[in-house]
Amino acid sequence: MKPFLRFALFAASLCFMQCTQEEATPTIDYDQKSIELMNQLTPQIVGEWSLQRVSIKRQSHNGSQAEIGIKRDTVLQNLAILSIRQAAVPRSNPKYLRHPDFDCTIQYKDKTYPLSFSLLSNPTRIVQGIGPQAFFSVAV
């Protein structure tokens, strides 16, 4: 019985020698970091933008592209003017600071079309500081 006990203790000690303690990762307050990122980004987005050169990558599964006649990768020159402002009335109640709302108009030729969108912060940007700052969630 003693040899079996010694063998079991030896095997258990080998097993525990392979275990390592994981390094503690700092906790991140995603909500607060997202709000800070949106507060920095919002003033940079608001304004009037001239869409001088718009590149469109052809997507065979995109029916909208086929509908307007885009059959290959395309570059559009002097397309439109986009005017962006913060939404006067937020789309959530209470106002959700992590996802700011924007209203905009796009002027194409002689017509003006209203649009609205929200920003969604990129989690990879918050954690690692890489990638785009935000994603757009468009509501027409």
# chains A, B, ... in the order shown; residues from 1 in each chain; ligands from 1
$ residues_around --residues "segment 89-103 of chain A" --least-positions-apart "4" --cutoff "8 Å" --atoms "only C-alpha atoms" --output "list in words"
Asp31, Ser34, Ile35, Met38, Thr42, Ile84, Arg85, Pro114, Leu115, Ser116, Phe117, Ser118, Leu119, Leu120 and Ser121 of chain A
$ write_last_selection --atoms "C-alpha atoms" --output "PDB file, in the first residue's frame"
ATOM      1  CA  ASP A  31     -19.601  51.735 -20.010  1.00  0.00           C
ATOM      2  CA  SER A  34     -17.339  53.865 -24.134  1.00  0.00           C
ATOM      3  CA  ILE A  35     -18.875  57.140 -22.927  1.00  0.00           C
ATOM      4  CA  MET A  38     -18.049  58.832 -27.690  1.00  0.00           C
ATOM      5  CA  THR A  42     -18.830  63.297 -31.342  1.00  0.00           C
ATOM      6  CA  ILE A  84     -24.345  65.756 -39.624  1.00  0.00           C
ATOM      7  CA  ARG A  85     -25.677  67.110 -36.313  1.00  0.00           C
ATOM      8  CA  PRO A 114     -32.879  62.654 -44.281  1.00  0.00           C
ATOM      9  CA  LEU A 115     -30.911  59.983 -42.426  1.00  0.00           C
ATOM     10  CA  SER A 116     -30.194  59.152 -38.830  1.00  0.00           C
ATOM     11  CA  PHE A 117     -27.631  56.945 -37.165  1.00  0.00           C
ATOM     12  CA  SER A 118     -26.151  55.936 -33.841  1.00  0.00           C
ATOM     13  CA  LEU A 119     -22.556  55.245 -32.949  1.00  0.00           C
ATOM     14  CA  LEU A 120     -21.518  51.993 -31.328  1.00  0.00           C
ATOM     15  CA  SER A 121     -18.078  51.910 -29.730  1.00  0.00           C
TER      16      SER A 121
END
$ residues_around --residues "segment 75-78 of chain A" --least-positions-apart "5" --cutoff "7 Å" --atoms "only C-alpha atoms" --output "MDAnalysis selection string"
chainID A and resid 51:56
$ write_last_selection --atoms "C-alpha atoms" --output "CSV table (one decimal), in the first residue's frame"
chain,number,residue,atom,x,y,z
A,51,LEU,CA,-18.3,63.2,-50.3
A,52,GLN,CA,-15.6,63.9,-53.0
A,53,ARG,CA,-14.5,60.3,-53.6
A,54,VAL,CA,-16.6,57.3,-52.5
A,55,SER,CA,-15.2,53.8,-53.2
A,56,ILE,CA,-17.7,51.0,-53.4
$ atom_distance --atom1 "atom CA of Val46 of chain A" --atom2 "atom CA of Leu82 of chain A"
10.1 Å
